[in-house]
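Next comes structure37.pdb, a file with PDB, C-alpha atoms, pLDDT in the B column.
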```pdb
ATOM      1  CA  MET A 254     -24.449  -4.451 -18.230  1.00 53.00           C
ATOM      2  CA  LEU A 255     -25.665  -5.354 -21.717  1.00 54.00           C
ATOM      3  CA  ASP A 256     -25.395  -8.991 -22.741  1.00 59.00           C
ATOM      4  CA  ILE A 257     -24.128  -8.879 -26.323  1.00 60.00           C
ATOM      5  CA  GLU A 258     -22.702 -11.991 -27.928  1.00 66.00           C
ATOM      6  CA  PRO A 259     -19.331 -11.564 -29.628  1.00 68.00           C
ATOM      7  CA  GLN A 260     -19.685 -11.385 -33.395  1.00 68.00           C
ATOM      8  CA  GLU A 261     -17.451 -12.797 -36.077  1.00 75.00           C
ATOM      9  CA  TYR A 262     -15.791 -10.023 -38.021  1.00 79.00           C
ATOM     10  CA  ARG A 263     -16.061  -9.810 -41.807  1.00 83.00           C
ATOM     11  CA  SER A 264     -12.874  -9.279 -43.717  1.00 92.00           C
ATOM     12  CA  ALA A 265     -12.585  -6.390 -46.148  1.00 94.00           C
ATOM     13  CA  ARG A 266     -12.128  -9.021 -48.883  1.00 95.00           C
ATOM     14  CA  SER A 267     -15.714 -10.164 -48.276  1.00 94.00           C
ATOM     15  CA  ILE A 268     -17.119  -6.748 -49.249  1.00 93.00           C
ATOM     16  CA  ILE A 269     -14.646  -5.532 -51.881  1.00 95.00           C
ATOM     17  CA  ASP A 270     -15.065  -6.068 -55.610  1.00 96.00           C
ATOM     18  CA  LEU A 271     -11.641  -7.038 -56.943  1.00 95.00           C
ATOM     19  CA  SER A 272     -12.603  -6.595 -60.596  1.00 94.00           C
ATOM     20  CA  MET A 273     -11.060  -3.749 -62.553  1.00 92.00           C
ATOM     21  CA  ASP A 274     -14.246  -2.897 -64.464  1.00 93.00           C
ATOM     22  CA  GLY A 275     -16.624  -0.067 -63.624  1.00 92.00           C
ATOM     23  CA  TYR A 276     -14.444   1.877 -61.200  1.00 94.00           C
ATOM     24  CA  ASN A 277     -12.571   5.170 -61.341  1.00 92.00           C
ATOM     25  CA  TRP A 278      -8.998   3.865 -61.102  1.00 97.00           C
ATOM     26  CA  ASP A 279      -5.962   6.140 -60.975  1.00 97.00           C
ATOM     27  CA  TYR A 280      -2.250   5.392 -61.101  1.00 98.00           C
ATOM     28  CA  VAL A 281      -0.446   5.455 -57.768  1.00 97.00           C
ATOM     29  CA  GLU A 282       2.259   7.620 -59.360  1.00 97.00           C
ATOM     30  CA  ASN A 283      -0.360  10.368 -59.849  1.00 97.00           C
ATOM     31  CA  ARG A 284      -1.062  10.552 -56.124  1.00 94.00           C
ATOM     32  CA  ALA A 285       0.481  12.747 -53.436  1.00 91.00           C
ATOM     33  CA  ALA A 286       3.910  11.838 -52.082  1.00 92.00           C
ATOM     34  CA  ASN A 287       2.462  10.675 -48.743  1.00 89.00           C
ATOM     35  CA  THR A 288       0.040   8.354 -50.535  1.00 90.00           C
ATOM     36  CA  GLN A 289       2.863   6.952 -52.657  1.00 94.00           C
ATOM     37  CA  ARG A 290       4.914   6.376 -49.489  1.00 92.00           C
ATOM     38  CA  ARG A 291       2.033   4.551 -47.764  1.00 92.00           C
ATOM     39  CA  VAL A 292       1.450   2.439 -50.888  1.00 94.00           C
ATOM     40  CA  ALA A 293       5.157   1.511 -51.060  1.00 95.00           C
ATOM     41  CA  HIS A 294       5.045   0.389 -47.416  1.00 93.00           C
ATOM     42  CA  GLY A 295       1.798  -1.473 -48.040  1.00 94.00           C
ATOM     43  CA  ARG A 296       3.347  -3.392 -50.947  1.00 95.00           C
ATOM     44  CA  LYS A 297       6.207  -4.518 -48.717  1.00 94.00           C
ATOM     45  CA  ARG A 298       3.766  -5.800 -46.116  1.00 93.00           C
ATOM     46  CA  PHE A 299       0.918  -7.192 -48.237  1.00 95.00           C
ATOM     47  CA  GLY A 300       2.010  -7.622 -51.848  1.00 95.00           C
ATOM     48  CA  GLU A 301       0.142  -6.209 -54.831  1.00 96.00           C
ATOM     49  CA  ILE A 302      -3.447  -6.148 -53.469  1.00 96.00           C
ATOM     50  CA  PHE A 303      -4.205  -4.326 -50.241  1.00 96.00           C
ATOM     51  CA  LEU A 304      -6.007  -1.346 -48.751  1.00 94.00           C
ATOM     52  CA  GLU A 305      -4.433   2.047 -48.380  1.00 92.00           C
ATOM     53  CA  ALA A 306      -5.981   4.075 -45.578  1.00 83.00           C
ATOM     54  CA  ALA A 307      -5.497   7.831 -45.619  1.00 79.00           C
ATOM     55  CA  TYR A 308      -5.484   8.381 -41.863  1.00 72.00           C
ATOM     56  CA  SER A 309      -2.918  10.467 -40.062  1.00 64.00           C
ATOM     57  CA  GLY A 310      -0.414   8.147 -38.479  1.00 69.00           C
ATOM     58  CA  GLU A 311      -1.162   5.318 -40.945  1.00 72.00           C
ATOM     59  CA  ASP A 312       2.192   4.082 -42.201  1.00 78.00           C
ATOM     60  CA  GLY A 313       0.958   2.107 -45.127  1.00 76.00           C
ATOM     61  CA  GLY A 314      -1.382  -0.608 -46.028  1.00 86.00           C
ATOM     62  CA  ARG A 315      -3.977  -2.845 -44.510  1.00 89.00           C
ATOM     63  CA  SER A 316      -4.627  -6.433 -45.393  1.00 93.00           C
ATOM     64  CA  ILE A 317      -7.862  -7.099 -47.257  1.00 94.00           C
ATOM     65  CA  ASP A 318      -8.151 -10.184 -45.044  1.00 94.00           C
ATOM     66  CA  LYS A 319      -8.671  -8.036 -41.932  1.00 91.00           C
ATOM     67  CA  VAL A 320     -11.610  -5.797 -41.027  1.00 88.00           C
ATOM     68  CA  LEU A 321     -11.849  -2.573 -43.008  1.00 87.00           C
ATOM     69  CA  GLY A 322     -11.533  -0.137 -40.130  1.00 83.00           C
ATOM     70  CA  CYS A 323     -13.532   2.964 -39.332  1.00 84.00           C
ATOM     71  CA  VAL A 324     -15.761   4.164 -42.169  1.00 88.00           C
ATOM     72  CA  THR A 325     -15.924   7.953 -42.178  1.00 86.00           C
ATOM     73  CA  THR A 326     -17.839  10.566 -44.144  1.00 86.00           C
ATOM     74  CA  VAL A 327     -15.003  11.111 -46.646  1.00 82.00           C
ATOM     75  CA  ASN A 328     -12.801   8.865 -48.784  1.00 81.00           C
ATOM     76  CA  LYS A 329     -10.289   7.308 -46.415  1.00 85.00           C
ATOM     77  CA  HIS A 330     -10.086   3.760 -47.780  1.00 90.00           C
ATOM     78  CA  TYR A 331      -8.561   2.923 -51.142  1.00 94.00           C
ATOM     79  CA  LEU A 332      -8.015  -0.379 -52.892  1.00 96.00           C
ATOM     80  CA  VAL A 333      -4.551  -0.823 -54.397  1.00 97.00           C
ATOM     81  CA  MET A 334      -4.095  -3.400 -57.127  1.00 97.00           C
ATOM     82  CA  GLY A 335      -0.652  -3.322 -58.708  1.00 96.00           C
ATOM     83  CA  ASN A 336       0.069   0.233 -59.820  1.00 96.00           C
ATOM     84  CA  LYS A 337      -3.581   1.339 -59.658  1.00 97.00           C
ATOM     85  CA  ILE A 338      -5.628   2.786 -56.819  1.00 97.00           C
ATOM     86  CA  ARG A 339      -9.297   3.615 -56.330  1.00 96.00           C
ATOM     87  CA  PRO A 340     -11.566   4.724 -53.500  1.00 94.00           C
ATOM     88  CA  LEU A 341     -13.958   2.148 -52.151  1.00 94.00           C
ATOM     89  CA  SER A 342     -17.392   2.362 -53.731  1.00 94.00           C
ATOM     90  CA  ILE A 343     -20.609   3.319 -51.990  1.00 93.00           C
ATOM     91  CA  LYS A 344     -21.720  -0.308 -52.202  1.00 94.00           C
ATOM     92  CA  GLU A 345     -18.494  -1.469 -50.533  1.00 95.00           C
ATOM     93  CA  LEU A 346     -18.637   1.165 -47.788  1.00 94.00           C
ATOM     94  CA  ALA A 347     -22.295   0.408 -47.103  1.00 94.00           C
ATOM     95  CA  ALA A 348     -21.529  -3.319 -46.873  1.00 93.00           C
ATOM     96  CA  ALA A 349     -18.733  -2.565 -44.401  1.00 92.00           C
ATOM     97  CA  GLN A 350     -21.326  -0.803 -42.242  1.00 91.00           C
ATOM     98  CA  SER A 351     -23.683  -3.844 -42.577  1.00 90.00           C
ATOM     99  CA  PHE A 352     -26.295  -2.201 -44.812  1.00 93.00           C
ATOM    100  CA  ASP A 353     -28.212  -4.589 -47.061  1.00 91.00           C
ATOM    101  CA  ASP A 354     -27.444  -4.501 -50.790  1.00 91.00           C
ATOM    102  CA  ASP A 355     -30.957  -3.241 -51.560  1.00 93.00           C
ATOM    103  CA  TYR A 356     -30.781  -0.241 -49.203  1.00 93.00           C
ATOM    104  CA  ILE A 357     -31.856   2.896 -51.094  1.00 93.00           C
ATOM    105  CA  TRP A 358     -29.397   5.792 -50.958  1.00 92.00           C
ATOM    106  CA  PRO A 359     -29.633   9.359 -52.289  1.00 91.00           C
ATOM    107  CA  LYS A 360     -28.342   9.892 -55.814  1.00 90.00           C
ATOM    108  CA  GLY A 361     -25.434  12.118 -54.768  1.00 91.00           C
ATOM    109  CA  ALA A 362     -22.214  10.332 -53.808  1.00 89.00           C
ATOM    110  CA  VAL A 363     -21.113  13.012 -51.315  1.00 90.00           C
ATOM    111  CA  ALA A 364     -24.429  12.919 -49.424  1.00 91.00           C
ATOM    112  CA  THR A 365     -24.481   9.120 -49.477  1.00 93.00           C
ATOM    113  CA  LYS A 366     -20.918   8.771 -48.158  1.00 91.00           C
ATOM    114  CA  SER A 367     -21.777  11.250 -45.425  1.00 91.00           C
ATOM    115  CA  LEU A 368     -24.808   9.187 -44.408  1.00 92.00           C
ATOM    116  CA  ILE A 369     -22.836   5.932 -44.448  1.00 92.00           C
ATOM    117  CA  GLY A 370     -19.971   7.434 -42.450  1.00 90.00           C
ATOM    118  CA  ASN A 371     -22.296   8.932 -39.839  1.00 91.00           C
ATOM    119  CA  ALA A 372     -24.462   5.823 -39.553  1.00 90.00           C
ATOM    120  CA  ILE A 373     -24.693   3.425 -36.697  1.00 86.00           C
ATOM    121  CA  PRO A 374     -24.229   0.077 -38.463  1.00 87.00           C
ATOM    122  CA  PRO A 375     -27.661  -1.589 -38.679  1.00 84.00           C
ATOM    123  CA  LYS A 376     -26.449  -4.955 -37.349  1.00 84.00           C
ATOM    124  CA  MET A 377     -24.849  -3.265 -34.366  1.00 83.00           C
ATOM    125  CA  ALA A 378     -28.009  -1.246 -33.682  1.00 86.00           C
ATOM    126  CA  GLU A 379     -30.050  -4.440 -33.874  1.00 86.00           C
ATOM    127  CA  MET A 380     -27.797  -6.266 -31.400  1.00 83.00           C
ATOM    128  CA  VAL A 381     -27.782  -3.389 -28.919  1.00 82.00           C
ATOM    129  CA  THR A 382     -31.572  -2.973 -29.175  1.00 86.00           C
ATOM    130  CA  LYS A 383     -32.209  -6.688 -28.604  1.00 84.00           C
ATOM    131  CA  SER A 384     -29.842  -6.674 -25.661  1.00 81.00           C
ATOM    132  CA  ILE A 385     -31.570  -3.675 -24.075  1.00 83.00           C
ATOM    133  CA  ILE A 386     -35.013  -5.189 -24.608  1.00 83.00           C
ATOM    134  CA  GLY A 387     -33.764  -8.437 -23.053  1.00 76.00           C
ATOM    135  CA  ALA A 388     -32.457  -6.517 -20.034  1.00 68.00           C
ATOM    136  CA  ILE A 389     -35.787  -4.794 -19.352  1.00 67.00           C
TER
END
```
As structure tokens, what does this structure read like?
Amino acid sequence: MLDIEPQEYRSARSIIDLSMDGYNWDYVENRAANTQRRVAHGRKRFGEIFLEAAYSGEDGGRSIDKVLGCVTTVNKHYLVMGNKIRPLSIKELAAAQSFDDDYIWPKGAVATKSLIGNAIPPKMAEMVTKSIIGAI
């Protein structure tokens, strides 16, 4: 059995930029009915700032003070602030996967999100590798 120390989880708040500048915001009212329903439920649970996760079975909202959840190859996590919504940025998704800020990604957003979503988080890979080496 591998001997891996439990790690402290980082909240989504620690990796999300809460500024309004520089992002492609949309109005919640412009989104699909299911998204609007999830956002309405999220507001009831978490107030005006929270995450909306577009997963099947998700009923609405995630606290930004909890872990982000599974990062996939497509936009599944959105930040809701008031009546606006935006997908998480490449920088935010990469941080959620424990990539350093200076990691160099391809220029294309689709390719980069695919790489981030398919990645084994570097910190996890490091812990597993050290544990295996220690077990040898």
What does the PyMOL selection byres ((chain A and resi 316) around 10) select in this file, as a JSON list (two decimals) with C-alpha atoms, keeping the file's coordinate frame?
```json
[["chain", "number", "residue", "atom", "x", "y", "z"],
["A", 264, "SER", "CA", -12.87, -9.28, -43.72],
["A", 265, "ALA", "CA", -12.58, -6.39, -46.15],
["A", 266, "ARG", "CA", -12.13, -9.02, -48.88],
["A", 295, "GLY", "CA", 1.80, -1.47, -48.04],
["A", 298, "ARG", "CA", 3.77, -5.80, -46.12],
["A", 299, "PHE", "CA", 0.92, -7.19, -48.24],
["A", 300, "GLY", "CA", 2.01, -7.62, -51.85],
["A", 302, "ILE", "CA", -3.45, -6.15, -53.47],
["A", 303, "PHE", "CA", -4.20, -4.33, -50.24],
["A", 304, "LEU", "CA", -6.01, -1.35, -48.75],
["A", 305, "GLU", "CA", -4.43, 2.05, -48.38],
["A", 314, "GLY", "CA", -1.38, -0.61, -46.03],
["A", 315, "ARG", "CA", -3.98, -2.84, -44.51],
["A", 317, "ILE", "CA", -7.86, -7.10, -47.26],
["A", 318, "ASP", "CA", -8.15, -10.18, -45.04],
["A", 319, "LYS", "CA", -8.67, -8.04, -41.93],
["A", 320, "VAL", "CA", -11.61, -5.80, -41.03],
["A", 321, "LEU", "CA", -11.85, -2.57, -43.01]]
```
Would you write out, as a PyMOL selection string, every residue that the PyMOL selection byres ((chain A and resi 335) around 7) captures in this file? chain A and resi 301-302+333-334+336-337
When the PyMOL selection byres ((chain A and resi 306) around 12) is applied to the file above, which residues end up in the set, as a short mmCIF file (atom, residue, chain, number, x, y, z; two decimals) with C-alpha atoms, keeping the file's coordinate frame?
```
data_model
loop_
_atom_site.label_atom_id
_atom_site.label_comp_id
_atom_site.auth_asym_id
_atom_site.auth_seq_id
_atom_site.Cartn_x
_atom_site.Cartn_y
_atom_site.Cartn_z
CA ASN A 287 2.46 10.68 -48.74
CA THR A 288 0.04 8.35 -50.54
CA GLN A 289 2.86 6.95 -52.66
CA ARG A 290 4.91 6.38 -49.49
CA ARG A 291 2.03 4.55 -47.76
CA VAL A 292 1.45 2.44 -50.89
CA HIS A 294 5.04 0.39 -47.42
CA GLY A 295 1.80 -1.47 -48.04
CA PHE A 303 -4.20 -4.33 -50.24
CA LEU A 304 -6.01 -1.35 -48.75
CA GLU A 305 -4.43 2.05 -48.38
CA ALA A 307 -5.50 7.83 -45.62
CA TYR A 308 -5.48 8.38 -41.86
CA SER A 309 -2.92 10.47 -40.06
CA GLY A 310 -0.41 8.15 -38.48
CA GLU A 311 -1.16 5.32 -40.94
CA ASP A 312 2.19 4.08 -42.20
CA GLY A 313 0.96 2.11 -45.13
CA GLY A 314 -1.38 -0.61 -46.03
CA ARG A 315 -3.98 -2.84 -44.51
CA SER A 316 -4.63 -6.43 -45.39
CA ILE A 317 -7.86 -7.10 -47.26
CA LEU A 321 -11.85 -2.57 -43.01
CA GLY A 322 -11.53 -0.14 -40.13
CA CYS A 323 -13.53 2.96 -39.33
CA VAL A 324 -15.76 4.16 -42.17
CA THR A 325 -15.92 7.95 -42.18
CA VAL A 327 -15.00 11.11 -46.65
CA ASN A 328 -12.80 8.86 -48.78
CA LYS A 329 -10.29 7.31 -46.42
CA HIS A 330 -10.09 3.76 -47.78
CA TYR A 331 -8.56 2.92 -51.14
CA LEU A 332 -8.02 -0.38 -52.89
CA VAL A 333 -4.55 -0.82 -54.40
CA ILE A 338 -5.63 2.79 -56.82
CA ARG A 339 -9.30 3.62 -56.33
CA PRO A 340 -11.57 4.72 -53.50
CA LEU A 341 -13.96 2.15 -52.15
#
```
CA of Leu271 (chain A) and CA of Tyr356 (chain A), how far apart in Å?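 Going from CA of Tyr356 (chain A) over to CA of Leu271 (chain A) covers 21.7 Å.
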Distance cut-off 10 Å, centre (-22.5, 0.0, -46.0) in file coordinates, counting all atoms listed in the file: which residues qualify? Return them as a ChimeraX atom specification. /A:268,324,342-354,356,365-366,368-370,372,374-375
Take every atom of region 304-322 of chain A listed in the file, fit an axis-aligned box around them, add 5 Å per side, and give the centre and edge lengths in Å to one decimal as lines of an AutoDock Vina configuration file.
```
center_x = -4.8
center_y = 0.1
center_z = -43.6
size_x = 24.0
size_y = 30.7
size_z = 20.3
```
Please report the interatomic distance between CA of Asn371 (chain A) and CA of Val281 (chain A) in Å with one decimal.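 CA of Asn371 (chain A) sits 28.5 Å away from CA of Val281 (chain A).
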Between CA of Tyr262 (chain A) and CA of Gly361 (chain A), distance in Å (one decimal):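 For CA of Tyr262 (chain A) relative to CA of Gly361 (chain A), the distance reads 29.4 Å.
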